[in-house]
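Structure, as structure tokens:
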Amino acid sequence: MSNEKNPLAAMLAQYENNNKPKYEKKEKPKGDDVLKNYFNVFLKDGVNTATKTIRILPTEDGSSPFVEVHFHKGEINGEDKKFACLKEEKGEACPFCEARELLLATGEESKKEMAKKYKARMMYVVKVIDRDNEADGVKFWRFNHDFRNEGIYDKIYALINAIKKDITHADTGRDIVLTINRNQNKIPVVSGIATLDPTPLTDDAAKKQEWLTDNRTWEDVFPPKPYDFLEIIVRGLTPVWDKEAKKFVAKETDTVSDETKQLDSELTMGLETVKNNVQAASTPASTPAESTADNDDLPF
């Protein structure tokens with residue numbers, strides 16, 4: 001048999017290989033489809049317990065899939081929302097942090113109490129497949145860090161530390177089952193986490209490629225808001241986009257509390273001075289950490 005190479009066969013094979021149908025990335029979801037980006041542990045009214053099965057996806061570089069992110073809590077139209085901390089996540093000026101520094105620098109106990117609500121809290125964001133809704137594709141699950149070591153991440157850590165296995169591996173990883181119950185405040189929380197037997201991520205090659213090549217990060221689904229947007233939230237007002245000014249402005253005019261007006265005035269007139277003197281202010285006493293309930297205010 002001749003070992004002579006066949007250029008024609010090689011070229012035909014090359015062409016066929018380069019023109020195989022490739023997986024087409026999905027367009028970014030719009031409208032109601034945006035909600036499919038988020039995994040949560042909410043329970044419907046009247047439901048007090050449930051289980052959900054998920055698969056945590058591996059990272060491309062082998063790093064931990066649990067990304068640490070800092071968020072502030074603010075209010076829009078009477079609802080609590082979370083906003084990425086510009087200082088911690090972008091290295092930029094953050095109105096929430098500036099307000100907190102300003103209040104703490106006064107040394108007044110009442111202002112220290114006010115400062116608590118402007119503190120950034122650490123959360124985790126992890127990419128998962130919701131086994132009950134696989135058609136939604138990759139989802140992002142955001143949950144609180146628990147300073148008591150009793151939170152979701154603590155339960156998952158205990159599980160993987162016990163079995164000593166990589167539960168995220170695409171071929172030999174494991175699904176995990178979340179048991180969700182309402183706590184004493186009627187808020188759904190993850191009360192237990194169990195692992196199933198090792199299984200492939202999926203037997204569908206196209207799905208596997210789709211899920212493993214999803215290169216979105218937490219910023220794509222929880223995009224940080226700009227400074228002017230957050231500054232309006234800190235002032236207790238509602239940001240709206242002004243097309244002419246090409247920036248966010250406050251929707252309200254006169255409906256501001258006296259306390260907010262005072263803080264707004266201090267922020268406007270004294271921030272630069274405070275920034276230069278924060279280090280000289282007395283160190284504030286430690287304050288109790290906020291509730292670490294698992295509930296989240298999606299999609300913001």
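Each chain in the structure tokens gets a letter, A, B, ..., in the order shown, and its residues are numbered from 1; ligands are numbered from 1 in order too.
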
How close does each residue of segment 159-181 of chain A get to segment 110-130 of chain A, giving the shortest atom pair and distance in Å to one decimal for every residue with an atom at most 12 Å away, counting only C-alpha atoms, sorted by chain and residue number, as JSON lines?
{"residue": "A:Ile167", "atom": "CA", "partner": "A:Val128", "partner_atom": "CA", "distance": 11.7}
{"residue": "A:Thr168", "atom": "CA", "partner": "A:Val128", "partner_atom": "CA", "distance": 9.5}
{"residue": "A:Ala170", "atom": "CA", "partner": "A:Ile129", "partner_atom": "CA", "distance": 11.8}
{"residue": "A:Arg174", "atom": "CA", "partner": "A:Ile129", "partner_atom": "CA", "distance": 11.7}
{"residue": "A:Asp175", "atom": "CA", "partner": "A:Ile129", "partner_atom": "CA", "distance": 9.2}
{"residue": "A:Ile176", "atom": "CA", "partner": "A:Asp130", "partner_atom": "CA", "distance": 10.3}
{"residue": "A:Val177", "atom": "CA", "partner": "A:Asp130", "partner_atom": "CA", "distance": 10.5}
{"residue": "A:Leu178", "atom": "CA", "partner": "A:Asp130", "partner_atom": "CA", "distance": 11.1}

For those residues, write C-alpha atoms to a file as an mmCIF file, in the first residue's frame.
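Saved to result28.cif:
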data_model
loop_
_atom_site.group_PDB
_atom_site.id
_atom_site.type_symbol
_atom_site.label_atom_id
_atom_site.label_comp_id
_atom_site.auth_asym_id
_atom_site.auth_seq_id
_atom_site.Cartn_x
_atom_site.Cartn_y
_atom_site.Cartn_z
ATOM 1 C CA ILE A 167 -19.037 18.233 41.977
ATOM 2 C CA THR A 168 -18.633 20.639 39.044
ATOM 3 C CA ALA A 170 -18.600 18.049 33.318
ATOM 4 C CA ARG A 174 -22.814 15.670 40.739
ATOM 5 C CA ASP A 175 -26.140 17.423 40.900
ATOM 6 C CA ILE A 176 -27.110 18.819 44.273
ATOM 7 C CA VAL A 177 -30.569 18.950 45.815
ATOM 8 C CA LEU A 178 -31.609 22.028 47.764
#

Residues near segment 183-194 of chain A, anyone? I mean within 9 Å using only C-alpha atoms, not counting same-chain ones fewer than 3 positions away, as a compact mmCIF listing (two decimals) with N, CA and C atoms, in the first residue's frame.
# COMPACT_ATOMS: atom_id res chain seq x y z
N VAL A 41 -34.45 30.77 45.09
CA VAL A 41 -35.10 29.75 45.93
C VAL A 41 -36.42 30.26 46.49
N PHE A 42 -37.07 31.13 45.75
CA PHE A 42 -38.38 31.63 46.18
C PHE A 42 -39.41 30.50 46.20
N LEU A 43 -40.37 30.63 47.09
CA LEU A 43 -41.50 29.71 47.14
C LEU A 43 -42.78 30.49 46.85
N ASN A 48 -44.75 26.03 51.63
CA ASN A 48 -43.84 26.21 52.75
C ASN A 48 -42.55 25.40 52.64
N THR A 49 -42.53 24.43 51.74
CA THR A 49 -41.32 23.64 51.57
C THR A 49 -41.25 23.12 50.14
N GLY A 151 -24.62 29.59 56.18
CA GLY A 151 -25.29 29.93 54.93
C GLY A 151 -25.18 28.86 53.86
N ILE A 152 -25.61 29.20 52.65
CA ILE A 152 -25.61 28.28 51.53
C ILE A 152 -24.19 27.81 51.19
N LYS A 155 -22.88 25.30 53.64
CA LYS A 155 -23.47 23.96 53.48
C LYS A 155 -22.85 23.24 52.29
N ILE A 156 -22.62 23.95 51.19
CA ILE A 156 -22.00 23.33 50.03
C ILE A 156 -20.56 22.94 50.34
N LEU A 159 -20.40 19.81 52.28
CA LEU A 159 -20.73 18.66 51.45
C LEU A 159 -19.52 18.20 50.65
N ASP A 175 -25.07 16.47 40.63
CA ASP A 175 -26.14 17.42 40.90
C ASP A 175 -26.30 17.54 42.41
N ILE A 176 -26.80 18.68 42.85
CA ILE A 176 -27.11 18.82 44.27
C ILE A 176 -28.58 19.20 44.44
N VAL A 177 -29.15 18.72 45.51
CA VAL A 177 -30.57 18.95 45.81
C VAL A 177 -30.67 19.93 46.97
N LEU A 178 -31.40 21.01 46.74
CA LEU A 178 -31.61 22.03 47.76
C LEU A 178 -32.96 21.81 48.42
N THR A 179 -32.97 21.75 49.73
CA THR A 179 -34.22 21.69 50.47
C THR A 179 -34.53 23.10 50.96
N ILE A 180 -35.70 23.59 50.61
CA ILE A 180 -36.07 24.97 50.92
C ILE A 180 -37.27 24.99 51.86
N ALA A 293 -30.57 36.18 55.37
CA ALA A 293 -31.57 35.33 54.73
C ALA A 293 -31.21 35.13 53.27
N ASP A 294 -31.63 33.97 52.73
CA ASP A 294 -31.24 33.60 51.38
C ASP A 294 -32.05 34.31 50.31
N ASN A 295 -33.11 35.03 50.70
CA ASN A 295 -33.96 35.66 49.69
C ASN A 295 -33.19 36.74 48.93

Please provide the set of residues having any atom within 7 Å of Val234 of chain A, restricted to only C-alpha atoms, with same-chain residues fewer than 4 positions apart removed, written as a PyMOL selection string.
chain A and resi 95-96+230

Same residues, N, CA and C atoms, saved as a short mmCIF file (atom, residue, chain, number, x, y, z; two decimals), in the first residue's frame:
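part05.cif, freshly written:
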data_model
loop_
_atom_site.label_atom_id
_atom_site.label_comp_id
_atom_site.auth_asym_id
_atom_site.auth_seq_id
_atom_site.Cartn_x
_atom_site.Cartn_y
_atom_site.Cartn_z
N PRO A 95 -21.11 56.17 45.76
CA PRO A 95 -21.93 57.04 46.61
C PRO A 95 -22.33 56.39 47.93
N PHE A 96 -22.58 55.09 47.92
CA PHE A 96 -22.94 54.40 49.16
C PHE A 96 -21.78 54.45 50.15
N LEU A 230 -26.57 55.68 41.32
CA LEU A 230 -26.46 55.29 42.74
C LEU A 230 -26.55 56.50 43.67
#

Hey, which bits of segment 109-228 of chain A sit within 9 Å of segment 76-83 of chain A, and for each residue what's the closest pair of atoms and how far apart in Å (one decimal), counting only C-alpha atoms, rows by chain and increasing number, as a tab-separated table?
residue	atom	partner	partner_atom	distance
A:Phe222	CA	A:Phe83	CA	8.1
A:Pro223	CA	A:Phe83	CA	8.5
A:Pro224	CA	A:Phe83	CA	6.6
A:Lys225	CA	A:Phe83	CA	6.9

Export, as a PDB file, in the first residue's frame, the selected residues with C-alpha atoms.
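File produced: out_30.pdb:
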ATOM      1  CA  PHE A 222     -26.127  42.061  37.575  1.00  0.00           C
ATOM      2  CA  PRO A 223     -24.622  45.056  35.730  1.00  0.00           C
ATOM      3  CA  PRO A 224     -23.105  47.710  38.017  1.00  0.00           C
ATOM      4  CA  LYS A 225     -25.000  50.979  37.931  1.00  0.00           C
TER       5      LYS A 225
END

Could you state the separation of atom CA of Asp166 of chain A and atom CA of Lys208 of chain A in Å, given to one decimal place?
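Computing the Euclidean distance for atom CA of Asp166 of chain A and atom CA of Lys208 of chain A yields 17.5 Å.
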
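Between atom CA of Ala206 of chain A and atom CA of Glu134 of chain A there is a distance of 12.9 Å.
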
Closest of A:Ile233, A:Cys94, A:Ala250, A:Val240 to Glu75 of chain A - atom-to-atom distances counting only C-alpha atoms
A:Ile233

Quick one: DSSP alpha helix (DSSP H) residues in segment 63-203 of chain A, as number ranges by chain?
A: 86-90, 95-105, 109-115, 152-163

Could you give me the residues within segment 35-168 of chain A that DSSP places in strand (DSSP E), as number ranges by chain?
A: 38-39, 49-56, 67-76, 79-84, 121-130, 138-144

Judged by only C-alpha atoms, the minimum distance to Asp136 of chain A among A:Asp197, A:Thr53, A:Lys207, A:Lys247 is found for A:Lys207
